[in-house]
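So this block is input04.cif, mmCIF, C-alpha atoms and all ligand atoms:
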```cif
data_start
loop_
_atom_site.label_atom_id
_atom_site.label_comp_id
_atom_site.auth_asym_id
_atom_site.auth_seq_id
_atom_site.Cartn_x
_atom_site.Cartn_y
_atom_site.Cartn_z
CA MET N 314 145.93 105.15 117.98
CA LYS N 315 148.34 105.83 115.13
CA ILE N 316 146.59 104.53 112.04
CA GLY N 317 147.96 104.21 108.50
CA ILE N 318 145.28 104.43 105.80
CA VAL N 319 146.00 103.16 102.30
CA CYS N 320 143.46 103.98 99.59
CA TYR N 321 142.94 105.11 96.02
CA PRO N 322 143.07 108.90 96.09
CA THR N 323 140.51 109.35 93.30
CA PHE N 324 136.82 110.29 93.19
CA GLY N 325 135.78 106.60 93.54
CA GLY N 326 133.67 105.58 96.52
CA SER N 327 136.41 103.59 98.24
CA GLY N 328 138.73 106.62 98.31
CA VAL N 329 135.92 108.85 99.56
CA VAL N 330 135.03 106.43 102.38
CA ALA N 331 138.70 106.01 103.38
CA THR N 332 139.28 109.77 103.42
CA GLU N 333 136.13 110.63 105.37
CA LEU N 334 136.97 107.81 107.81
CA GLY N 335 140.49 109.15 108.38
CA LEU N 336 139.23 112.69 108.92
CA GLU N 337 136.60 111.57 111.42
CA LEU N 338 139.10 109.34 113.26
CA SER N 339 141.44 112.31 113.55
CA LYS N 340 138.62 114.34 115.13
CA ARG N 341 138.23 111.49 117.60
CA GLY N 342 141.84 111.92 118.69
CA HIS N 343 143.67 109.39 116.51
CA GLU N 344 146.76 110.20 114.47
CA ILE N 345 146.11 109.43 110.81
CA HIS N 346 148.64 108.79 108.07
CA PHE N 347 147.30 108.57 104.52
CA ILE N 348 149.71 106.66 102.32
CA THR N 349 148.97 106.72 98.59
CA TYR N 350 150.20 108.09 95.25
CA ASN N 351 148.29 111.39 95.29
CA GLN N 352 146.62 113.49 97.92
CA PRO N 353 143.08 112.05 98.23
CA VAL N 354 140.53 114.33 96.53
CA ARG N 355 138.45 114.92 99.63
CA LEU N 356 141.47 115.44 101.86
CA GLU N 357 141.53 119.21 102.08
CA LEU N 358 142.57 119.39 105.69
CA LEU N 359 146.05 118.38 106.76
CA SER N 360 146.84 119.03 110.41
CA ASN N 361 149.09 117.68 113.13
CA HIS N 362 146.65 114.77 113.39
CA VAL N 363 146.32 114.14 109.64
CA HIS N 364 149.36 113.45 107.49
CA TYR N 365 149.78 112.52 103.86
CA HIS N 366 152.73 110.51 102.58
CA GLU N 367 153.13 110.20 98.84
CA VAL N 368 154.22 106.94 97.24
CA ASN N 369 156.55 107.63 94.34
CA VAL N 370 157.25 105.06 91.67
CA PRO N 371 160.40 106.04 89.80
CA GLU N 372 160.11 105.41 86.08
CA TYR N 373 162.66 102.90 84.85
CA PRO N 374 162.83 101.92 81.18
CA LEU N 375 163.34 98.23 81.94
CA PHE N 376 159.95 98.05 83.60
CA HIS N 377 157.12 97.58 81.16
CA TYR N 378 154.80 98.03 84.18
CA GLN N 379 155.98 100.29 87.01
CA PRO N 380 155.90 98.25 90.27
CA TYR N 381 153.50 100.31 92.43
CA GLU N 382 152.92 97.62 95.05
CA LEU N 383 156.66 97.29 95.60
CA ALA N 384 157.00 101.04 96.11
CA LEU N 385 153.91 101.04 98.35
CA SER N 386 155.14 98.21 100.56
CA SER N 387 158.55 99.89 100.98
CA LYS N 388 156.83 103.18 101.83
CA LEU N 389 154.62 101.41 104.38
CA VAL N 390 157.70 99.92 106.06
CA ASP N 391 159.37 103.34 106.27
CA MET N 392 156.25 105.14 107.52
CA VAL N 393 155.50 102.53 110.19
CA LYS N 394 159.07 102.81 111.47
CA LEU N 395 159.26 106.61 111.24
CA HIS N 396 155.88 107.45 112.75
CA GLY N 397 155.25 104.45 114.98
CA ILE N 398 152.06 103.52 113.10
CA GLU N 399 150.29 100.83 115.12
CA ILE N 400 147.78 99.50 112.60
CA LEU N 401 147.33 99.63 108.81
CA HIS N 402 143.84 99.96 107.34
CA VAL N 403 143.90 99.22 103.63
CA HIS N 404 140.94 100.03 101.42
CA TYR N 405 140.50 97.89 98.30
CA ALA N 406 142.18 94.50 98.17
CA ILE N 407 144.14 95.06 94.97
CA PRO N 408 147.01 95.74 95.39
CA HIS N 409 146.72 97.36 98.82
CA ALA N 410 146.11 94.26 100.96
CA TYR N 411 148.85 92.45 99.08
CA ALA N 412 151.38 95.29 99.52
CA ALA N 413 150.46 95.64 103.20
CA PHE N 414 151.11 91.96 103.81
CA MET N 415 154.59 92.30 102.27
CA ALA N 416 155.26 95.35 104.46
CA LYS N 417 154.09 93.45 107.53
CA LYS N 418 156.49 90.60 106.79
CA MET N 419 159.43 92.96 106.20
CA LEU N 420 158.68 94.71 109.49
CA GLU N 421 158.47 91.41 111.35
CA GLU N 422 162.07 90.75 110.29
CA GLU N 423 162.95 93.83 112.34
CA GLY N 424 160.85 92.78 115.32
CA ILE N 425 158.03 95.24 114.55
CA TYR N 426 154.49 93.88 114.44
CA VAL N 427 151.77 95.84 112.65
CA PRO N 428 148.36 94.27 112.04
CA ILE N 429 146.35 94.83 108.86
CA VAL N 430 142.66 95.61 108.51
CA THR N 431 141.39 95.19 104.94
CA THR N 432 138.15 96.76 103.73
CA LEU N 433 136.56 95.28 100.63
CA HIS N 434 134.64 97.84 98.59
CA GLY N 435 133.13 95.89 95.74
CA THR N 436 134.81 96.11 92.41
CA ASP N 437 137.93 94.59 94.01
CA ILE N 438 135.77 91.50 94.53
CA THR N 439 132.97 91.47 91.98
CA LEU N 440 134.68 92.87 88.88
CA VAL N 441 138.45 92.61 89.13
CA GLY N 442 139.45 90.43 92.05
CA SER N 443 137.65 87.30 90.99
CA HIS N 444 139.37 87.32 87.59
CA PRO N 445 141.62 84.23 87.38
CA PHE N 446 144.66 86.53 86.93
CA TYR N 447 144.16 88.03 90.38
CA LYS N 448 142.11 85.49 92.32
CA PRO N 449 144.94 83.60 94.10
CA ALA N 450 146.61 86.85 95.22
CA VAL N 451 143.30 88.37 96.39
CA THR N 452 142.33 85.19 98.29
CA PHE N 453 145.75 85.12 99.93
CA SER N 454 145.64 88.82 100.89
CA ILE N 455 142.17 88.53 102.43
CA ASN N 456 143.10 85.40 104.37
CA LYS N 457 146.33 86.97 105.63
CA SER N 458 144.62 90.17 106.87
CA ASP N 459 144.19 90.38 110.63
CA ALA N 460 140.65 91.70 110.17
CA VAL N 461 138.45 92.02 107.10
CA THR N 462 135.44 94.23 106.57
CA ALA N 463 132.95 94.49 103.68
CA VAL N 464 130.71 97.47 103.00
CA SER N 465 127.49 95.44 102.79
CA GLN N 466 126.06 92.05 103.66
CA SER N 467 125.71 91.43 99.94
CA LEU N 468 129.43 92.04 99.36
CA LYS N 469 130.29 89.74 102.25
CA GLU N 470 128.19 86.99 100.65
CA ASP N 471 129.75 87.61 97.23
CA THR N 472 133.23 87.39 98.75
CA LEU N 473 132.46 84.11 100.51
CA ARG N 474 130.93 82.73 97.31
CA LEU N 475 133.74 83.76 94.97
CA PHE N 476 136.80 83.09 97.15
CA ASP N 477 137.93 80.42 99.58
CA ILE N 478 137.91 82.65 102.66
CA LYS N 479 139.03 81.44 106.08
CA ASN N 480 138.64 84.79 107.84
CA ASN N 481 135.55 86.21 109.46
CA ILE N 482 134.22 89.20 107.47
CA HIS N 483 132.65 92.06 109.44
CA VAL N 484 130.01 94.11 107.66
CA VAL N 485 130.64 97.82 108.21
CA PRO N 486 128.49 99.85 105.84
CA ASN N 487 129.41 103.09 104.12
CA PHE N 488 128.54 106.12 106.20
CA ILE N 489 127.74 109.76 105.80
CA ASP N 490 128.45 113.00 107.61
CA LEU N 491 124.88 114.20 107.90
CA ASN N 492 125.97 117.72 108.84
CA LYS N 493 127.31 118.15 105.33
CA TYR N 494 123.87 117.47 103.91
CA ASN N 495 121.81 119.52 106.35
CA HIS N 496 121.86 122.28 103.82
CA GLY N 497 122.63 125.60 105.34
CA PHE N 498 121.77 127.13 101.96
CA THR N 499 118.57 129.12 102.27
CA ASP N 500 118.46 129.13 98.50
CA CYS N 501 119.64 126.05 96.60
CA GLN N 502 119.93 128.20 93.46
CA ARG N 503 117.56 125.82 91.76
CA GLY N 504 116.49 128.66 89.51
CA MET N 505 119.91 128.58 87.80
CA MET N 506 119.32 125.04 86.60
CA ALA N 507 115.60 124.75 85.86
CA THR N 508 112.33 126.61 85.75
CA ASP N 509 109.83 126.17 88.61
CA ASP N 510 107.76 123.60 86.74
CA GLU N 511 110.74 121.45 85.70
CA LYS N 512 111.75 118.41 87.75
CA ILE N 513 115.48 117.88 88.30
CA ILE N 514 116.80 114.34 87.86
CA THR N 515 120.39 113.60 88.89
CA HIS N 516 122.95 110.85 88.36
CA ILE N 517 126.44 110.86 89.88
CA SER N 518 129.10 108.29 89.04
CA ASN N 519 132.41 107.68 87.33
CA LEU N 520 130.45 107.02 84.12
CA ARG N 521 131.79 103.50 83.71
CA GLU N 522 129.92 100.78 81.86
CA VAL N 523 128.94 99.13 85.17
CA LYS N 524 126.88 102.24 86.03
CA ARG N 525 124.60 101.73 82.98
CA VAL N 526 124.37 105.46 82.31
CA GLN N 527 122.57 104.66 79.05
CA ASP N 528 119.67 103.50 81.26
CA VAL N 529 119.80 106.84 83.07
CA VAL N 530 119.40 108.56 79.71
CA ALA N 531 116.59 106.21 78.66
CA VAL N 532 114.64 106.74 81.89
CA PHE N 533 115.15 110.48 81.67
CA TYR N 534 114.02 110.49 78.03
CA ASN N 535 110.74 108.87 79.12
CA ILE N 536 110.28 111.24 82.06
CA GLN N 537 110.75 114.38 79.99
CA LYS N 538 108.14 113.14 77.52
CA ALA N 539 105.63 113.07 80.39
CA MET N 540 106.61 116.26 82.24
CA PRO N 541 109.10 119.15 81.99
CA ALA N 542 112.44 117.93 83.35
CA LYS N 543 116.22 118.43 83.33
CA LEU N 544 118.97 115.83 83.82
CA MET N 545 122.12 116.60 85.82
CA LEU N 546 124.97 114.21 85.02
CA VAL N 547 127.87 114.49 87.43
CA GLY N 548 131.23 112.73 87.00
CA GLU N 549 133.68 111.85 84.28
CA GLY N 550 134.43 108.50 82.74
CA PRO N 551 134.79 106.32 79.67
CA GLU N 552 131.07 106.38 78.76
CA ARG N 553 130.81 110.17 78.61
CA GLU N 554 131.10 110.60 74.82
CA LYS N 555 128.68 107.79 74.04
CA ILE N 556 126.16 109.36 76.40
CA GLU N 557 126.49 112.77 74.79
CA TYR N 558 125.92 111.23 71.34
CA ARG N 559 122.90 109.31 72.66
CA CYS N 560 121.41 112.49 74.12
CA GLN N 561 121.95 114.23 70.78
CA GLU N 562 120.28 111.37 68.88
CA LEU N 563 117.30 111.53 71.22
CA GLY N 564 117.10 115.32 70.82
CA ILE N 565 117.46 115.98 74.55
CA LEU N 566 120.98 117.44 74.70
CA ASP N 567 119.60 120.86 75.70
CA LYS N 568 117.93 119.27 78.72
CA VAL N 569 121.08 117.59 80.02
CA VAL N 570 123.76 119.35 82.06
CA PHE N 571 127.19 117.64 82.22
CA PHE N 572 128.96 118.79 85.36
CA GLY N 573 132.13 116.71 85.06
CA LYS N 574 133.99 116.01 88.30
CA SER N 575 132.38 118.37 90.74
CA ASN N 576 133.26 119.11 94.34
CA GLU N 577 129.82 120.66 94.82
CA ILE N 578 127.85 117.44 95.08
CA ASP N 579 125.92 118.77 98.10
CA LYS N 580 124.76 121.83 96.13
CA ILE N 581 123.71 119.75 93.12
CA LEU N 582 121.79 117.30 95.34
CA CYS N 583 120.20 120.21 97.17
CA PHE N 584 118.17 121.16 94.08
CA SER N 585 117.54 117.59 92.84
CA ASP N 586 114.12 115.89 92.91
CA LEU N 587 115.13 112.35 92.01
CA PHE N 588 118.36 110.33 91.84
CA LEU N 589 118.93 107.50 89.34
CA LEU N 590 121.33 104.59 90.01
CA PRO N 591 120.60 101.74 87.56
CA SER N 592 124.01 99.99 88.05
CA LYS N 593 124.75 96.49 86.85
CA THR N 594 126.55 95.72 90.13
CA GLU N 595 126.95 97.92 93.18
CA SER N 596 128.29 96.69 96.47
CA PHE N 597 126.70 99.54 98.42
CA GLY N 598 125.92 102.65 96.39
CA LEU N 599 127.44 105.52 98.34
CA ALA N 600 126.12 107.97 95.73
CA ALA N 601 122.56 106.85 96.50
CA LEU N 602 123.16 107.35 100.21
CA GLU N 603 124.52 110.85 99.58
CA ALA N 604 121.39 111.62 97.58
CA MET N 605 119.11 110.28 100.31
CA ALA N 606 120.95 112.31 102.96
CA SER N 607 120.06 115.35 100.86
CA GLY N 608 116.43 114.30 100.85
CA VAL N 609 116.44 112.99 97.28
CA PRO N 610 114.50 109.76 96.58
CA VAL N 611 116.28 107.07 94.58
CA ILE N 612 115.25 104.99 91.57
CA SER N 613 117.78 102.20 91.35
CA SER N 614 118.45 98.66 90.26
CA ASN N 615 118.05 95.96 92.90
CA THR N 616 121.57 94.62 92.53
CA GLY N 617 124.24 93.93 95.20
CA GLY N 618 124.01 96.01 98.35
CA ILE N 619 121.64 98.67 97.00
CA PRO N 620 118.56 97.09 98.69
CA GLU N 621 120.37 97.55 102.02
CA VAL N 622 120.36 101.31 101.36
CA ASN N 623 117.39 102.22 99.15
CA ILE N 624 114.21 100.81 100.66
CA GLN N 625 111.50 99.74 98.24
CA GLY N 626 108.46 102.04 98.38
CA VAL N 627 110.00 104.11 101.18
CA SER N 628 113.11 106.00 100.03
CA GLY N 629 112.45 105.17 96.38
CA PHE N 630 112.02 102.11 94.21
CA LEU N 631 114.19 99.25 92.92
CA SER N 632 113.90 97.39 89.62
CA ASN N 633 115.72 94.56 87.90
CA VAL N 634 118.91 95.62 86.14
CA GLY N 635 118.03 97.04 82.72
CA ASP N 636 114.28 97.29 83.36
CA VAL N 637 114.01 100.85 82.10
CA ASP N 638 110.19 100.67 81.80
CA ASP N 639 109.74 99.77 85.44
CA MET N 640 112.20 102.49 86.48
CA THR N 641 110.28 105.02 84.38
CA LYS N 642 106.95 103.94 85.87
CA ASN N 643 108.36 104.32 89.39
CA ALA N 644 109.99 107.66 88.64
CA LEU N 645 106.75 109.08 87.25
CA HIS N 646 104.81 107.71 90.23
CA ILE N 647 107.03 109.72 92.59
CA LEU N 648 107.34 112.86 90.46
CA SER N 649 103.75 113.23 89.29
CA ASP N 650 102.31 114.14 92.67
CA ASP N 651 103.91 116.93 94.71
CA ALA N 652 102.68 115.63 98.06
CA ARG N 653 103.97 112.14 97.25
CA LEU N 654 107.32 113.57 96.17
CA GLU N 655 107.61 115.40 99.50
CA THR N 656 106.85 112.17 101.40
CA PHE N 657 109.54 110.26 99.48
CA LYS N 658 112.02 113.10 100.03
CA SER N 659 111.47 113.05 103.76
CA ASN N 660 111.57 109.22 103.89
CA ALA N 661 114.87 109.22 101.98
CA LYS N 662 116.37 111.61 104.50
CA LYS N 663 115.09 109.49 107.41
CA GLU N 664 116.51 106.26 105.96
CA SER N 665 119.93 107.88 105.50
CA LEU N 666 120.15 108.48 109.27
CA LYS N 667 120.94 104.77 109.76
CA PHE N 668 124.30 105.45 108.15
CA ASP N 669 125.33 108.39 110.31
CA LEU N 670 129.13 108.42 110.63
CA HIS N 671 128.79 108.75 114.40
CA GLU N 672 127.24 105.27 114.42
CA ILE N 673 129.55 103.63 111.89
CA VAL N 674 133.04 105.03 112.62
CA PRO N 675 133.06 103.57 116.18
CA GLN N 676 132.57 100.14 114.55
CA TYR N 677 135.92 100.57 112.81
CA GLU N 678 137.51 101.77 116.05
CA ALA N 679 136.22 98.66 117.82
CA ILE N 680 137.71 96.47 115.08
CA TYR N 681 141.10 98.22 115.40
CA GLU N 682 141.09 97.79 119.18
CA ASP N 683 140.04 94.17 118.98
CA THR N 684 142.68 93.43 116.33
CA LEU N 685 145.45 95.11 118.32
CA THR N 686 144.44 93.23 121.48
CA LYS N 687 144.37 89.87 119.67
CA CYS N 688 147.78 90.56 118.13
CA LEU N 689 149.27 91.45 121.52
CA VAL N 690 148.08 88.12 122.88
CA LEU N 691 149.72 86.17 120.04
O1 LIG M 1 131.51 102.61 92.07
C1 LIG M 1 132.64 102.73 91.65
O2 LIG M 1 132.90 102.60 90.47
C2 LIG M 1 133.77 103.09 92.57
C3 LIG M 1 133.98 101.98 93.55
C4 LIG M 1 135.31 102.05 94.24
O3 LIG M 1 135.87 100.99 94.36
O4 LIG M 1 135.76 103.09 94.69
O5 LIG M 1 132.93 102.03 94.51
C5 LIG M 1 132.72 100.87 95.28
O6 LIG M 1 132.96 101.23 96.64
C6 LIG M 1 132.03 102.17 97.18
C7 LIG M 1 132.48 102.51 98.60
O7 LIG M 1 132.47 101.40 99.42
C8 LIG M 1 130.62 101.59 97.13
O8 LIG M 1 129.69 102.50 97.68
C9 LIG M 1 130.26 101.30 95.66
O9 LIG M 1 128.98 100.69 95.62
C10 LIG M 1 131.29 100.36 95.06
N1 LIG M 1 131.04 100.24 93.61
C11 LIG M 1 130.65 99.09 93.04
O10 LIG M 1 130.45 98.08 93.66
C12 LIG M 1 130.44 99.15 91.56
#
```

Mind converting the file's structure to structure tokens?
Ligand code: GMT
Amino acid sequence: MKIGIVCYPTFGGSGVVATELGLELSKRGHEIHFITYNQPVRLELLSNHVHYHEVNVPEYPLFHYQPYELALSSKLVDMVKLHGIEILHVHYAIPHAYAAFMAKKMLEEEGIYVPIVTTLHGTDITLVGSHPFYKPAVTFSINKSDAVTAVSQSLKEDTLRLFDIKNNIHVVPNFIDLNKYNHGFTDCQRGMMATDDEKIITHISNLREVKRVQDVVAVFYNIQKAMPAKLMLVGEGPEREKIEYRCQELGILDKVVFFGKSNEIDKILCFSDLFLLPSKTESFGLAALEAMASGVPVISSNTGGIPEVNIQGVSGFLSNVGDVDDMTKNALHILSDDARLETFKSNAKKESLKFDLHEIVPQYEAIYEDTLTKCLVL
């Protein structure tokens, strides 16, 4: 199949999922066209099966806001015509599903029919999409998609609760390339980050308010009072400065390593003992899955789709949002006994196998095939 993928090209989970999906689909013989405003961060490999088409939005002084969705829909029309793209898979409803619908209608005028698959990732529904400013357009775009997927059962339920949806929503969870996390490193270079007796606690996110990174700091502060420990904070975002000040106030700045945006997530997870994800909302929690695939147990909140990934008492523990004391208690329970820590590490790895990309990517292929068949019948 010739598949057009529209996504945000940034470090966010939706862009990562879209990119990894496109790369895997290309390995399975499909021709993939990424269409977005920058080359996606995890898209290192361009080949005759993987193409990237940049959407340019010319600056024009009359426009207070540059019309990205207009430029995107025009680009989609051109790319479908030029490359014979058969199906468009758009990740994140805003504005991608909306722009794709406009492209579809323009193409229909020329007798070309291209169906749209929309994948909902979370913040497009729970944080932004349900805002009254966007809600009618998001509802319309979801209802006009030929197929809709959500990354967790929880997100599907949220979508049905928040919007008036007429379409069926398929749950297709986030996935992981387990080969990437079967560390070939014989030495994780743990010694560079901590001494043998120190436990390594890690958090990876875009450091937005919704991630509650202050809770990460609070839990870590409690852990390091009970045992020697280091905190690895990976990612960049609006909360970064506040967090640094908080660490300084607490007198733990020398125990916290800020990695910024790192492409070496696998290496960092390789030497981690525990992963913290105390988010306020989280439709899936790809970062937790990546940790688990590296054999790192997870202490998380019990919000959104996280309980579909992190299994209570098996791969880690879940607490109510903001319950730092319970998170600390659970973290210390895992970390204070080496044998127990090993059991949780191996359980985390085992649980991650459910999300093997070889199991999940065929689900998307089946949706594409089904959608194309239905559209041919119409
Ligand atoms: O978590 C973020 O801030 C990034 C966000 C995004 O839209 O890229 O991630 C969302 O999509 C990921 C991939 O499906 C999910 O794993 C994340 O849980 C979800 N984030 C939230 O729901 C907050």

(message) Residues contacting ligand LIG 1 (chain M) - anything with an atom at most 7 Å away, using all atoms listed in the file - can you give me those as a ChimeraX atom specification?
(response) /N:325-328,330,405,434-437,464,487,518-519,521,523,594-600

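Residues near the point (118.4, 109.7, 94.4), at a distance of 9 Å or less over all atoms listed in the file, make up Ile514, Thr515, His516, Leu582, Ser585, Asp586, Leu587, Phe588, Leu589, Leu590, Ala600, Ala601, Leu602, Glu603, Ala604, Met605, Ser607, Gly608, Val609, Pro610, Val611, Ile612, Ser613, Asn623, Ser628, Gly629 and Ala661 of chain N.
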
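Taking atom CA of Leu389 of chain N and atom CA of Asn456 of chain N as the two end points, the separation is 19.7 Å.
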
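The space between atom CA of Leu336 of chain N and atom CA of Phe668 of chain N spans 16.6 Å.
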
(request) Point out the residue among N:Gln352, N:Ser339, N:Thr508, N:Thr332 with the least atom-to-atom distance to Ile316 of chain N, counting all atoms listed in the file. (result) N:Ser339

(message) Counting all atoms listed in the file, which residue out of N:Ala384, N:Met392, N:Cys320, N:Met545 sits closest to His404 of chain N?
(response) N:Cys320

(message) Need to verify the contact set: Val393 of chain N, 12 Å, all atoms listed in the file, exclusion of same-chain residues closer than 3 positions in sequence. Can you return it as a PyMOL selection string?
(response) chain N and resi 315-318+345-348+366+386-390+396-401+413+416-417+419-421+423+425-428

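Proximity of N:Lys543, N:Lys394, N:Arg553, N:Lys574 to Gly504 of chain N, computed with all atoms listed in the file, is greatest for N:Lys543.
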
(request) Excluding Ala679 of chain N and residues on its chain fewer than 2 positions from it, collect all residues at most 12 Å away from it, counting all atoms listed in the file, and give them as a list of chain:residue names. (result) N:Met314, N:Leu338, N:Val430, N:Ala460, N:His483, N:Val485, N:Glu672, N:Ile673, N:Val674, N:Pro675, N:Gln676, N:Tyr677, N:Tyr681, N:Glu682, N:Asp683, N:Thr684, N:Leu685, N:Thr686

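Atom CA of Thr323 of chain N lies 19.6 Å from atom CA of Ala463 of chain N.
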
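Distance check against Lys662 of chain N using all atoms listed in the file: of N:Gly424, N:Asn495, N:Phe571, N:Gly635, the minimum falls on N:Asn495.
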
(message) Using all atoms listed in the file for the distances, tell me which of N:Tyr350, N:Tyr494, N:Phe453, N:Tyr365 is nearest to Glu577 of chain N.
(response) N:Tyr494

For the interface of segment 471-522 of chain N with segment 537-541 of chain N (cut-off 9 Å, counting all atoms listed in the file), please tabulate each contacting residue of segment 471-522 of chain N alongside its nearest pair of atoms and their separation in Å to one decimal, rows sorted by chain and increasing number, as JSON lines.
```
{"residue": "N:Thr508", "atom": "CA", "partner": "N:Pro541", "partner_atom": "CA", "distance": 9.0}
{"residue": "N:Asp510", "atom": "CA", "partner": "N:Pro541", "partner_atom": "CA", "distance": 6.6}
{"residue": "N:Glu511", "atom": "CA", "partner": "N:Pro541", "partner_atom": "CA", "distance": 4.7}
{"residue": "N:Lys512", "atom": "CA", "partner": "N:Pro541", "partner_atom": "CA", "distance": 6.4}
```

Which centre and which edge lengths, in Å to one decimal, describe the axis-aligned box that holds all listed atoms of segment 528-532 of chain N after 8 Å is added on each side, as lines of an AutoDock Vina configuration file?
```
center_x = 117.2
center_y = 106.0
center_z = 80.9
size_x = 21.2
size_y = 21.1
size_z = 20.4
```

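When only C-alpha atoms are used to compute distances to Cys501 of chain N, the closest of the residues N:Lys580, N:Lys663, N:Lys479, N:Lys642 turns out to be N:Lys580.
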
(request) Just the residues within 9 Å of Asp471 of chain N, please, counting only C-alpha atoms, with nothing from its chain fewer than 6 positions along; format it as a PyMOL selection string. (result) chain N and resi 438-439+617

Residue completion, segment 532-544 of chain N, N, CA, C and O atoms, as a PDB file, in the frame of the given file:
```pdb
ATOM      1  N   VAL N 532     115.690 106.418  80.909  1.00  0.00           N
ATOM      2  CA  VAL N 532     114.640 106.740  81.890  1.00  0.00           C
ATOM      3  C   VAL N 532     114.323 108.236  81.812  1.00  0.00           C
ATOM      4  O   VAL N 532     113.150 108.647  81.780  1.00  0.00           O
ATOM      5  N   PHE N 533     115.385 109.033  81.741  1.00  0.00           N
ATOM      6  CA  PHE N 533     115.150 110.480  81.670  1.00  0.00           C
ATOM      7  C   PHE N 533     114.375 110.848  80.404  1.00  0.00           C
ATOM      8  O   PHE N 533     113.464 111.693  80.444  1.00  0.00           O
ATOM      9  N   TYR N 534     114.719 110.202  79.295  1.00  0.00           N
ATOM     10  CA  TYR N 534     114.020 110.490  78.030  1.00  0.00           C
ATOM     11  C   TYR N 534     112.517 110.260  78.215  1.00  0.00           C
ATOM     12  O   TYR N 534     111.688 111.093  77.814  1.00  0.00           O
ATOM     13  N   ASN N 535     112.163 109.161  78.894  1.00  0.00           N
ATOM     14  CA  ASN N 535     110.740 108.870  79.120  1.00  0.00           C
ATOM     15  C   ASN N 535     110.104 109.880  80.067  1.00  0.00           C
ATOM     16  O   ASN N 535     108.961 110.301  79.865  1.00  0.00           O
ATOM     17  N   ILE N 536     110.844 110.268  81.092  1.00  0.00           N
ATOM     18  CA  ILE N 536     110.280 111.240  82.060  1.00  0.00           C
ATOM     19  C   ILE N 536     109.968 112.562  81.361  1.00  0.00           C
ATOM     20  O   ILE N 536     108.876 113.106  81.518  1.00  0.00           O
ATOM     21  N   GLN N 537     110.947 113.049  80.582  1.00  0.00           N
ATOM     22  CA  GLN N 537     110.750 114.380  79.990  1.00  0.00           C
ATOM     23  C   GLN N 537     109.660 114.392  78.901  1.00  0.00           C
ATOM     24  O   GLN N 537     109.186 115.443  78.513  1.00  0.00           O
ATOM     25  N   LYS N 538     109.288 113.181  78.453  1.00  0.00           N
ATOM     26  CA  LYS N 538     108.140 113.140  77.520  1.00  0.00           C
ATOM     27  C   LYS N 538     106.841 113.368  78.290  1.00  0.00           C
ATOM     28  O   LYS N 538     105.864 113.861  77.763  1.00  0.00           O
ATOM     29  N   ALA N 539     106.848 112.980  79.583  1.00  0.00           N
ATOM     30  CA  ALA N 539     105.630 113.070  80.390  1.00  0.00           C
ATOM     31  C   ALA N 539     105.517 114.381  81.155  1.00  0.00           C
ATOM     32  O   ALA N 539     104.412 114.804  81.507  1.00  0.00           O
ATOM     33  N   MET N 540     106.648 115.011  81.461  1.00  0.00           N
ATOM     34  CA  MET N 540     106.610 116.260  82.240  1.00  0.00           C
ATOM     35  C   MET N 540     107.896 117.056  81.986  1.00  0.00           C
ATOM     36  O   MET N 540     108.914 116.463  81.613  1.00  0.00           O
ATOM     37  N   PRO N 541     107.870 118.374  82.202  1.00  0.00           N
ATOM     38  CA  PRO N 541     109.100 119.150  81.990  1.00  0.00           C
ATOM     39  C   PRO N 541     110.183 118.691  82.965  1.00  0.00           C
ATOM     40  O   PRO N 541     109.901 118.545  84.166  1.00  0.00           O
ATOM     41  N   ALA N 542     111.388 118.451  82.476  1.00  0.00           N
ATOM     42  CA  ALA N 542     112.440 117.930  83.350  1.00  0.00           C
ATOM     43  C   ALA N 542     113.824 118.240  82.798  1.00  0.00           C
ATOM     44  O   ALA N 542     113.995 118.466  81.591  1.00  0.00           O
ATOM     45  N   LYS N 543     114.799 118.245  83.697  1.00  0.00           N
ATOM     46  CA  LYS N 543     116.220 118.430  83.330  1.00  0.00           C
ATOM     47  C   LYS N 543     117.010 117.277  83.946  1.00  0.00           C
ATOM     48  O   LYS N 543     116.642 116.765  85.009  1.00  0.00           O
ATOM     49  N   LEU N 544     118.105 116.887  83.289  1.00  0.00           N
ATOM     50  CA  LEU N 544     118.970 115.830  83.820  1.00  0.00           C
ATOM     51  C   LEU N 544     120.344 116.408  84.162  1.00  0.00           C
ATOM     52  O   LEU N 544     120.973 117.063  83.326  1.00  0.00           O
TER      53      LEU N 544
END
```
